[in-house]
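Next comes protein_14.txt, with compact mmCIF, C-alpha atoms.
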```txt
# COMPACT_ATOMS: atom_id res chain seq x y z
CA MET A 1 -3.14 12.86 4.35
CA ASN A 2 -1.09 16.06 4.55
CA SER A 3 0.74 14.66 7.58
CA PHE A 4 1.38 11.39 5.76
CA SER A 5 2.89 13.17 2.76
CA HIS A 6 5.09 15.29 5.02
CA PHE A 7 6.37 12.36 7.05
CA LYS A 8 6.92 10.15 4.01
CA SER A 9 9.10 12.82 2.40
CA ASN A 10 11.17 13.04 5.58
CA ILE A 11 11.63 9.32 6.31
CA PRO A 12 15.34 9.33 5.32
CA GLU A 13 15.91 12.31 7.60
CA LEU A 14 14.20 10.63 10.54
CA ASN A 15 15.60 7.16 9.85
CA PRO A 16 17.96 6.67 6.87
CA TYR A 17 17.11 3.82 4.53
CA TYR A 18 18.60 0.61 5.88
CA LEU A 19 16.24 -2.38 5.74
CA ASP A 20 16.24 -3.37 2.05
CA ILE A 21 19.10 -5.86 2.33
CA VAL A 22 17.23 -7.72 5.07
CA LEU A 23 13.89 -7.51 3.26
CA ALA A 24 15.40 -8.83 0.04
CA TYR A 25 16.99 -11.73 1.88
CA VAL A 26 13.81 -12.64 3.77
CA ASP A 27 11.71 -12.27 0.63
CA ARG A 28 13.96 -14.64 -1.27
CA SER A 29 14.14 -17.10 1.62
CA ILE A 30 10.39 -17.47 2.14
CA HIS A 31 9.90 -17.95 -1.60
CA PHE A 32 12.26 -20.93 -1.81
CA GLY A 33 15.31 -19.01 -2.95
CA ILE A 34 13.57 -17.15 -5.80
CA ASP A 35 12.90 -13.42 -5.96
CA PRO A 36 9.13 -12.92 -6.43
CA TRP A 37 9.68 -10.53 -9.36
CA GLN A 38 11.30 -13.40 -11.25
CA VAL A 39 8.10 -15.43 -10.81
CA SER A 40 5.92 -12.59 -12.08
CA GLY A 41 8.38 -12.04 -14.93
CA TYR A 42 8.14 -15.70 -15.91
CA VAL A 43 4.34 -15.57 -15.90
CA PHE A 44 3.70 -12.17 -17.46
CA LYS A 45 7.00 -11.55 -19.26
CA TYR A 46 8.18 -8.00 -19.78
CA GLY A 47 6.13 -6.81 -22.71
CA VAL A 48 2.54 -5.72 -23.27
CA ALA A 49 1.33 -7.40 -20.06
CA THR A 50 3.70 -5.16 -18.10
CA PHE A 51 2.24 -2.12 -19.86
CA ILE A 52 -1.30 -3.22 -18.89
CA LEU A 53 -0.30 -3.90 -15.27
CA ASP A 54 1.35 -0.48 -15.17
CA LYS A 55 -1.85 1.28 -16.21
CA ILE A 56 -4.04 -0.71 -13.81
CA TYR A 57 -1.63 -0.05 -10.95
CA TYR A 58 -2.28 3.69 -11.08
CA LEU A 59 -6.06 3.22 -11.09
CA TRP A 60 -5.45 2.50 -7.41
CA PHE A 61 -5.90 6.18 -6.56
CA PHE A 62 -9.42 6.25 -8.00
CA ALA A 63 -10.29 2.85 -6.54
CA ILE A 64 -9.27 3.99 -3.06
CA TYR A 65 -10.36 7.60 -2.80
CA ILE A 66 -13.75 7.34 -4.53
CA PRO A 67 -15.07 4.56 -2.24
CA THR A 68 -13.66 6.39 0.78
CA ALA A 69 -15.50 9.57 -0.25
CA ILE A 70 -18.69 7.53 -0.67
CA VAL A 71 -18.32 5.99 2.79
CA ILE A 72 -17.76 9.43 4.33
CA GLY A 73 -21.01 10.72 2.85
CA MET A 74 -23.28 7.71 3.24
CA PRO A 75 -25.49 6.67 6.17
CA ASP A 76 -24.15 3.74 8.17
CA ARG A 77 -26.35 1.31 6.26
CA PHE A 78 -24.03 -1.66 6.63
CA GLY A 79 -22.73 -0.94 10.13
CA ILE A 80 -19.12 -0.44 9.00
CA ARG A 81 -18.88 3.27 8.26
CA HIS A 82 -17.09 4.24 11.48
CA GLN A 83 -15.00 1.08 11.52
CA PHE A 84 -13.82 1.72 7.95
CA LEU A 85 -12.99 5.38 8.54
CA LEU A 86 -11.14 4.71 11.79
CA SER A 87 -9.24 1.87 10.08
CA TYR A 88 -8.41 4.29 7.25
CA VAL A 89 -6.80 6.70 9.72
CA PHE A 90 -4.96 3.84 11.42
CA VAL A 91 -3.58 2.51 8.12
CA TRP A 92 -2.15 5.82 7.00
CA GLY A 93 -1.03 6.90 10.46
CA ILE A 94 0.25 3.70 12.04
CA LEU A 95 1.39 1.74 8.98
CA GLY A 96 2.10 4.65 6.64
CA ILE A 97 3.92 6.93 9.07
CA VAL A 98 5.11 4.97 12.11
CA GLY A 99 5.67 1.67 10.33
CA ALA A 100 7.29 3.14 7.24
CA THR A 101 9.64 5.27 9.31
CA ALA A 102 10.64 2.39 11.58
CA MET A 103 11.17 0.04 8.61
CA SER A 104 12.79 2.60 6.35
CA SER A 105 13.30 1.06 2.90
CA VAL A 106 13.20 2.00 -0.78
CA GLY A 107 12.08 -1.13 -2.62
CA PRO A 108 13.61 -3.09 -5.53
CA ILE A 109 13.24 -0.29 -8.07
CA TYR A 110 15.71 1.92 -6.15
CA TYR A 111 17.87 -0.82 -4.66
CA ASP A 112 20.89 -0.29 -6.93
CA ARG A 113 20.76 3.49 -6.60
CA VAL A 114 20.78 3.41 -2.80
CA TYR A 115 22.86 0.33 -2.01
CA GLY A 116 24.90 -0.07 -5.20
CA GLY A 117 24.75 -2.71 -7.90
CA PRO A 118 24.66 -5.02 -9.59
CA SER A 119 22.09 -6.67 -7.36
CA PRO A 120 19.29 -9.24 -7.68
CA PHE A 121 17.13 -6.36 -8.92
CA THR A 122 19.39 -5.03 -11.66
CA ASP A 123 17.74 -7.19 -14.32
CA LEU A 124 14.31 -6.18 -13.06
CA VAL A 125 15.05 -2.51 -13.67
CA LEU A 126 16.63 -3.29 -17.05
CA ASN A 127 13.46 -5.16 -18.05
CA LEU A 128 11.31 -2.22 -17.00
CA GLU A 129 13.52 0.18 -18.94
CA HIS A 130 13.19 -2.03 -22.01
CA VAL A 131 9.38 -1.98 -21.81
CA ASP A 132 9.44 1.75 -21.08
CA SER A 133 11.40 2.42 -24.27
CA ALA A 134 8.62 0.80 -26.30
CA TRP A 135 5.43 1.72 -24.39
CA SER A 136 6.33 4.49 -21.92
CA LEU A 137 5.56 3.19 -18.44
CA THR A 138 4.03 5.50 -15.84
CA THR A 139 6.14 3.64 -13.29
CA MET A 140 9.38 4.84 -14.79
CA GLN A 141 8.15 8.44 -14.91
CA VAL A 142 7.03 8.32 -11.27
CA ARG A 143 10.33 6.64 -10.37
CA GLU A 144 12.32 9.61 -11.65
CA VAL A 145 10.00 12.19 -10.08
CA LEU A 146 10.30 10.56 -6.66
CA TRP A 147 14.05 10.14 -7.03
CA GLY A 148 14.45 13.78 -8.03
CA ALA A 149 12.50 14.89 -4.97
CA TYR A 150 14.64 12.62 -2.78
CA VAL A 151 18.05 13.76 -4.03
CA ASN A 152 16.98 17.43 -4.04
CA ASP A 153 15.40 17.14 -0.58
CA ALA A 154 12.14 18.52 -1.94
CA ALA A 155 8.70 17.90 -0.45
CA THR A 156 6.26 18.11 -3.36
CA VAL A 157 2.82 16.67 -4.15
CA ILE A 158 4.57 13.60 -5.54
CA SER A 159 7.45 12.84 -3.19
CA GLY A 160 8.56 10.36 -0.59
CA ILE A 161 10.02 6.88 -1.12
CA SER A 162 8.89 4.01 1.08
CA ALA A 163 8.52 0.26 0.51
CA MET A 164 7.74 -1.45 3.83
CA PRO A 165 4.90 -1.70 4.65
CA SER A 166 3.00 -1.31 1.36
CA ILE A 167 0.14 1.17 1.67
CA HIS A 168 -0.98 0.29 -1.86
CA ASN A 169 -1.61 -3.27 -0.74
CA ALA A 170 -2.83 -2.26 2.71
CA MET A 171 -5.65 -0.12 1.34
CA CYS A 172 -6.72 -2.89 -1.03
CA VAL A 173 -7.05 -5.24 1.94
CA LEU A 174 -9.07 -2.60 3.79
CA LEU A 175 -11.43 -2.20 0.83
CA PHE A 176 -11.92 -5.96 0.70
CA LEU A 177 -12.68 -6.17 4.42
CA ALA A 178 -15.33 -3.46 4.05
CA ALA A 179 -16.74 -4.84 0.79
CA ARG A 180 -17.47 -8.19 2.44
CA HIS A 181 -20.14 -6.47 4.54
CA VAL A 182 -21.75 -4.77 1.55
CA ASN A 183 -22.06 -7.27 -1.28
CA ARG A 184 -20.50 -10.60 -2.23
CA TRP A 185 -19.74 -9.54 -5.79
CA LEU A 186 -18.28 -6.25 -4.62
CA ALA A 187 -16.00 -8.28 -2.34
CA VAL A 188 -14.97 -10.46 -5.29
CA ALA A 189 -14.18 -7.36 -7.35
CA ALA A 190 -12.17 -5.89 -4.46
CA ALA A 191 -10.25 -9.16 -4.09
CA VAL A 192 -9.43 -9.34 -7.82
CA PHE A 193 -8.31 -5.72 -7.84
CA GLY A 194 -6.25 -6.26 -4.70
CA LEU A 195 -4.49 -9.30 -6.17
CA THR A 196 -3.76 -7.31 -9.34
CA ILE A 197 -2.21 -4.50 -7.31
CA PHE A 198 -0.21 -7.08 -5.34
CA VAL A 199 1.23 -8.59 -8.53
CA GLY A 200 1.83 -5.14 -10.01
CA SER A 201 3.64 -3.91 -6.91
CA ILE A 202 6.13 -6.77 -7.33
CA HIS A 203 6.31 -6.88 -11.12
CA LEU A 204 6.88 -3.12 -11.40
CA GLY A 205 9.55 -3.13 -8.69
CA TRP A 206 7.87 -0.95 -6.11
CA HIS A 207 7.68 -3.57 -3.38
CA TYR A 208 9.02 -6.82 -2.02
CA ALA A 209 6.27 -9.41 -1.59
CA ILE A 210 6.83 -9.34 2.16
CA ASP A 211 5.81 -5.66 2.18
CA ALA A 212 2.32 -6.77 1.19
CA TYR A 213 2.22 -9.68 3.63
CA VAL A 214 3.10 -7.44 6.57
CA SER A 215 0.58 -4.85 5.39
CA ALA A 216 -2.22 -7.42 5.15
CA ILE A 217 -1.59 -8.67 8.69
CA GLY A 218 -1.38 -5.10 9.96
CA VAL A 219 -4.64 -4.06 8.30
CA ILE A 220 -6.55 -7.07 9.64
CA LEU A 221 -5.38 -6.29 13.17
CA LEU A 222 -6.20 -2.59 12.79
CA TRP A 223 -9.62 -3.44 11.34
CA LYS A 224 -10.37 -5.56 14.39
CA LEU A 225 -9.13 -2.82 16.71
CA ALA A 226 -11.29 -0.23 14.95
CA GLY A 227 -14.26 -2.58 15.16
CA TYR A 228 -13.74 -2.99 18.88
CA LEU A 229 -13.37 0.75 19.46
CA THR A 230 -16.33 1.80 17.30
CA GLY A 231 -18.49 -1.02 18.64
CA ASP A 232 -17.65 -0.07 22.20
CA ALA A 233 -18.45 3.57 21.47
CA ALA A 234 -21.77 2.62 19.88
CA MET A 235 -22.68 0.51 22.90
CA ARG A 236 -21.91 3.41 25.24
CA CYS A 237 -24.20 5.65 23.18
CA VAL A 238 -27.00 3.08 23.38
CA LYS A 239 -26.58 2.76 27.14
CA ARG A 240 -26.48 6.54 27.54
CA ALA A 241 -29.66 6.92 25.52
CA ALA A 242 -31.36 4.21 27.57
CA THR A 243 -30.34 5.97 30.78
CA VAL A 244 -31.72 9.29 29.55
CA ASP A 245 -35.00 7.62 28.57
CA ALA A 246 -35.25 5.95 31.95
CA LEU A 247 -34.65 9.24 33.76
CA ALA A 248 -37.22 10.97 31.58
```
Once you've parsed the file, please lay out its structure as structure tokens.
Amino acid sequence: MNSFSHFKSNIPELNPYYLDIVLAYVDRSIHFGIDPWQVSGYVFKYGVATFILDKIYYLWFFAIYIPTAIVIGMPDRFGIRHQFLLSYVFVWGILGIVGATAMSSVGPIYYDRVYGGPSPFTDLVLNLEHVDSAWSLTTMQVREVLWGAYVNDAATVISGISAMPSIHNAMCVLLFLAARHVNRWLAVAAAVFGLTIFVGSIHLGWHYAIDAYVSAIGVILLWKLAGYLTGDAAMRCVKRAATVDALA
């Protein structure tokens, strides 16, 4: 996690932000010429629902780290402990560091500041600022903290701007994949939470929808890879134990 924070803060040094124009175009194209934030804005409006989404969005940290801590400390009751933990490392390392650096981007909320405006996201930010003036959004506070760290070239606890791929959405997919092996209702809860984070990531301007799509595909592939590697390792241990017993 320390490595992830360090690399994320240095993405623009390693690979200056460049991909947002392409991401915005692709996002609009695959959604029939409409920016996804306009859809969420039509459904939820920019009022109290935005305030609620904003608060739920930052519960992500508790929803991710608490289950991960539980998995670290629990016996492998459901046969997924090693697969989950290896997938966790893959998500942060491969998607969060390698992927984010290769696909260096800032997301809709910073689009005008980095690429100049007005843009298709100017109204999105204006809507968020309007809600913030009435209800004080955590998103807008975090936005300024991250921007301050970026312009001042400071690596702090809260620093680093990156849109593609979305680690917020990636970790929700990982939780769902693990929850399916534990309990059906836990999987349903993980799916509902994941969908909420997906909507919030778009509605609050942090991500393009395609950031989440790429993340979901990446996590599924990494989950399968981790399953193969941990399953293969377990099989080797079984064979080794059988050999030792036979020799004894």
9 Å contact set for Trp147 in chain A, all atoms listed in the file, chain neighbours under 6 positions out, as a PDB file with C-alpha atoms, keeping the file's coordinate frame:
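What follows is the written file result_15.pdb:
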```
ATOM      1  CA  TYR A 110      15.710   1.920  -6.150  1.00  0.00           C
ATOM      2  CA  SER A 159       7.450  12.840  -3.190  1.00  0.00           C
ATOM      3  CA  GLY A 160       8.560  10.360  -0.590  1.00  0.00           C
ATOM      4  CA  ILE A 161      10.020   6.880  -1.120  1.00  0.00           C
TER       5      ILE A 161
END
```
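Reported to one decimal place, the separation of CA of Ser40 in chain A from CA of Gly200 in chain A is 8.7 Å.
The coordinates place CA of Asn169 in chain A at 23.8 Å from CA of Thr230 in chain A.
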List every residue of range 21-89 of chain A that has an atom at most 10 Å from any atom of range 97-107 of chain A, giving for each one its closest atom pair and the distance in Å to one decimal, counting only C-alpha atoms, sorted by chain and then by ascending residue number, as a tab-separated table.
```
residue	atom	partner	partner_atom	distance
A:Ile21	CA	A:Ser105	CA	9.0
A:Val22	CA	A:Ser105	CA	9.9
A:Leu23	CA	A:Ser105	CA	8.6
A:Ala24	CA	A:Gly107	CA	8.8
```
Please tell me which residues are no farther than 12 Å from (-11.7, -0.5, 17.8) in the file, counting all atoms listed in the file, and write them as number ranges by chain. A: 80, 82-87, 89-90, 220-234
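Atom pair CA of Phe198 in chain A / CA of Val157 in chain A: separated by 24.0 Å.
Considering the residues A:Gly33, A:Pro75, A:Pro67, A:Pro108 and counting all atoms listed in the file, Leu174 in chain A has its shortest atom-to-atom contact with A:Pro67.
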Do you know which residues are at most 12 Å from Ser133 in chain A counting all atoms listed in the file, after dropping those on the same chain fewer than 5 positions away, and could you put them as a PyMOL selection string? chain A and resi 46-47+51+126-128+138+140-141
Looking at A:Arg143, A:Ala134, A:Ile94, A:Asp153, which one is nearest to Glu13 in chain A, with distances taken over all atoms listed in the file? A:Asp153
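Using only C-alpha atoms for every distance, the candidate list A:Leu204, A:Tyr88, A:Ser9, A:Phe32 yields A:Leu204 as the residue closest to Lys55 in chain A.
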A:Ile56, A:Met74, A:Ala178, A:Ala69: which is nearest Ser201 in chain A, counting only C-alpha atoms? A:Ile56
Give me the residues near range 179-195 of chain A as a PyMOL selection string, where near means some atom within 12 Å (using all atoms listed in the file) and where sequence neighbours in that chain fewer than 2 positions away do not count. chain A and resi 53+56-60+63-64+67-68+71+76-81+83-84+167-177+197-202+209+212-213+216
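Compared by their closest atoms to Thr122 in chain A, and using all atoms listed in the file, the residues A:Asn15, A:Gln38, A:Ser136, A:Ser5 rank with A:Gln38 nearest.
Here the question is which of A:Val114, A:Gly93, A:Ala163, A:Glu144 gets nearest to His6 in chain A using all atoms listed in the file, and that residue is A:Gly93.
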From the structure block, carefully write range 134-224 of chain A out with C-alpha atoms; format it as a PDB file, in the first residue's frame.
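Generated file (result_12.pdb):
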```
ATOM      1  CA  ALA A 134     -25.626  23.795   0.352  1.00  0.00           C
ATOM      2  CA  TRP A 135     -24.498  20.491   1.917  1.00  0.00           C
ATOM      3  CA  SER A 136     -20.683  20.462   1.906  1.00  0.00           C
ATOM      4  CA  LEU A 137     -19.577  17.470  -0.156  1.00  0.00           C
ATOM      5  CA  THR A 138     -16.595  15.397   0.949  1.00  0.00           C
ATOM      6  CA  THR A 139     -15.809  15.000  -2.746  1.00  0.00           C
ATOM      7  CA  MET A 140     -15.117  18.672  -3.201  1.00  0.00           C
ATOM      8  CA  GLN A 141     -12.865  18.767  -0.141  1.00  0.00           C
ATOM      9  CA  VAL A 142     -10.885  15.741  -1.329  1.00  0.00           C
ATOM     10  CA  ARG A 143     -10.744  17.269  -4.814  1.00  0.00           C
ATOM     11  CA  GLU A 144      -8.923  20.339  -3.507  1.00  0.00           C
ATOM     12  CA  VAL A 145      -6.591  18.340  -1.255  1.00  0.00           C
ATOM     13  CA  LEU A 146      -5.514  16.107  -4.146  1.00  0.00           C
ATOM     14  CA  TRP A 147      -5.156  19.070  -6.488  1.00  0.00           C
ATOM     15  CA  GLY A 148      -3.053  20.949  -3.949  1.00  0.00           C
ATOM     16  CA  ALA A 149      -0.747  17.949  -3.572  1.00  0.00           C
ATOM     17  CA  TYR A 150      -0.479  17.687  -7.365  1.00  0.00           C
ATOM     18  CA  VAL A 151       0.368  21.325  -8.086  1.00  0.00           C
ATOM     19  CA  ASN A 152       2.776  21.502  -5.129  1.00  0.00           C
ATOM     20  CA  ASP A 153       4.402  18.176  -6.055  1.00  0.00           C
ATOM     21  CA  ALA A 154       3.757  16.871  -2.554  1.00  0.00           C
ATOM     22  CA  ALA A 155       3.434  13.205  -1.604  1.00  0.00           C
ATOM     23  CA  THR A 156       1.137  13.113   1.425  1.00  0.00           C
ATOM     24  CA  VAL A 157      -1.241  10.574   2.978  1.00  0.00           C
ATOM     25  CA  ILE A 158      -3.957  11.905   0.671  1.00  0.00           C
ATOM     26  CA  SER A 159      -2.308  12.504  -2.697  1.00  0.00           C
ATOM     27  CA  GLY A 160      -2.182  11.154  -6.208  1.00  0.00           C
ATOM     28  CA  ILE A 161      -4.705  11.646  -9.017  1.00  0.00           C
ATOM     29  CA  SER A 162      -5.661   8.717 -11.226  1.00  0.00           C
ATOM     30  CA  ALA A 163      -8.842   7.768 -13.082  1.00  0.00           C
ATOM     31  CA  MET A 164      -8.145   4.752 -15.319  1.00  0.00           C
ATOM     32  CA  PRO A 165      -8.488   2.038 -14.160  1.00  0.00           C
ATOM     33  CA  SER A 166     -10.771   2.637 -11.169  1.00  0.00           C
ATOM     34  CA  ILE A 167      -9.450   0.940  -8.037  1.00  0.00           C
ATOM     35  CA  HIS A 168     -12.621   1.938  -6.179  1.00  0.00           C
ATOM     36  CA  ASN A 169     -14.648  -0.164  -8.589  1.00  0.00           C
ATOM     37  CA  ALA A 170     -11.996  -2.853  -8.907  1.00  0.00           C
ATOM     38  CA  MET A 171     -11.991  -3.620  -5.194  1.00  0.00           C
ATOM     39  CA  CYS A 172     -15.789  -3.782  -5.131  1.00  0.00           C
ATOM     40  CA  VAL A 173     -15.676  -6.414  -7.869  1.00  0.00           C
ATOM     41  CA  LEU A 174     -13.048  -8.335  -5.909  1.00  0.00           C
ATOM     42  CA  LEU A 175     -15.224  -8.275  -2.780  1.00  0.00           C
ATOM     43  CA  PHE A 176     -18.165  -9.587  -4.785  1.00  0.00           C
ATOM     44  CA  LEU A 177     -16.109 -12.417  -6.283  1.00  0.00           C
ATOM     45  CA  ALA A 178     -15.009 -13.487  -2.806  1.00  0.00           C
ATOM     46  CA  ALA A 179     -18.443 -13.003  -1.222  1.00  0.00           C
ATOM     47  CA  ARG A 180     -20.001 -15.436  -3.700  1.00  0.00           C
ATOM     48  CA  HIS A 181     -18.041 -18.241  -2.043  1.00  0.00           C
ATOM     49  CA  VAL A 182     -19.109 -17.253   1.465  1.00  0.00           C
ATOM     50  CA  ASN A 183     -22.823 -16.491   1.464  1.00  0.00           C
ATOM     51  CA  ARG A 184     -25.482 -15.634  -1.103  1.00  0.00           C
ATOM     52  CA  TRP A 185     -26.809 -12.675   0.849  1.00  0.00           C
ATOM     53  CA  LEU A 186     -23.314 -11.366   1.464  1.00  0.00           C
ATOM     54  CA  ALA A 187     -22.779 -11.522  -2.301  1.00  0.00           C
ATOM     55  CA  VAL A 188     -26.013  -9.581  -2.853  1.00  0.00           C
ATOM     56  CA  ALA A 189     -24.887  -6.934  -0.359  1.00  0.00           C
ATOM     57  CA  ALA A 190     -21.483  -6.711  -2.063  1.00  0.00           C
ATOM     58  CA  ALA A 191     -23.165  -6.345  -5.458  1.00  0.00           C
ATOM     59  CA  VAL A 192     -25.485  -3.569  -4.237  1.00  0.00           C
ATOM     60  CA  PHE A 193     -22.599  -1.738  -2.622  1.00  0.00           C
ATOM     61  CA  GLY A 194     -20.484  -2.162  -5.746  1.00  0.00           C
ATOM     62  CA  LEU A 195     -23.218  -0.769  -7.989  1.00  0.00           C
ATOM     63  CA  THR A 196     -23.626   2.188  -5.626  1.00  0.00           C
ATOM     64  CA  ILE A 197     -19.908   2.929  -5.786  1.00  0.00           C
ATOM     65  CA  PHE A 198     -20.041   2.601  -9.579  1.00  0.00           C
ATOM     66  CA  VAL A 199     -22.843   5.166  -9.832  1.00  0.00           C
ATOM     67  CA  GLY A 200     -21.132   7.421  -7.294  1.00  0.00           C
ATOM     68  CA  SER A 201     -17.821   7.306  -9.132  1.00  0.00           C
ATOM     69  CA  ILE A 202     -19.576   8.684 -12.225  1.00  0.00           C
ATOM     70  CA  HIS A 203     -22.037  11.027 -10.545  1.00  0.00           C
ATOM     71  CA  LEU A 204     -19.343  12.632  -8.386  1.00  0.00           C
ATOM     72  CA  GLY A 205     -16.976  13.069 -11.326  1.00  0.00           C
ATOM     73  CA  TRP A 206     -14.133  10.850 -10.208  1.00  0.00           C
ATOM     74  CA  HIS A 207     -14.335   8.388 -13.085  1.00  0.00           C
ATOM     75  CA  TYR A 208     -15.505   7.732 -16.600  1.00  0.00           C
ATOM     76  CA  ALA A 209     -17.775   4.691 -16.788  1.00  0.00           C
ATOM     77  CA  ILE A 210     -15.187   2.924 -18.916  1.00  0.00           C
ATOM     78  CA  ASP A 211     -12.740   3.129 -15.994  1.00  0.00           C
ATOM     79  CA  ALA A 212     -15.023   0.757 -14.110  1.00  0.00           C
ATOM     80  CA  TYR A 213     -15.605  -1.543 -17.080  1.00  0.00           C
ATOM     81  CA  VAL A 214     -11.873  -2.002 -17.641  1.00  0.00           C
ATOM     82  CA  SER A 215     -11.346  -2.531 -13.919  1.00  0.00           C
ATOM     83  CA  ALA A 216     -14.041  -5.214 -13.735  1.00  0.00           C
ATOM     84  CA  ILE A 217     -12.534  -7.156 -16.632  1.00  0.00           C
ATOM     85  CA  GLY A 218      -9.067  -6.791 -15.138  1.00  0.00           C
ATOM     86  CA  VAL A 219     -10.157  -8.014 -11.706  1.00  0.00           C
ATOM     87  CA  ILE A 220     -11.946 -11.061 -13.102  1.00  0.00           C
ATOM     88  CA  LEU A 221      -8.828 -12.048 -15.051  1.00  0.00           C
ATOM     89  CA  LEU A 222      -6.576 -11.455 -12.038  1.00  0.00           C
ATOM     90  CA  TRP A 223      -8.948 -13.428  -9.801  1.00  0.00           C
ATOM     91  CA  LYS A 224      -8.720 -16.374 -12.181  1.00  0.00           C
TER      92      LYS A 224
END
```
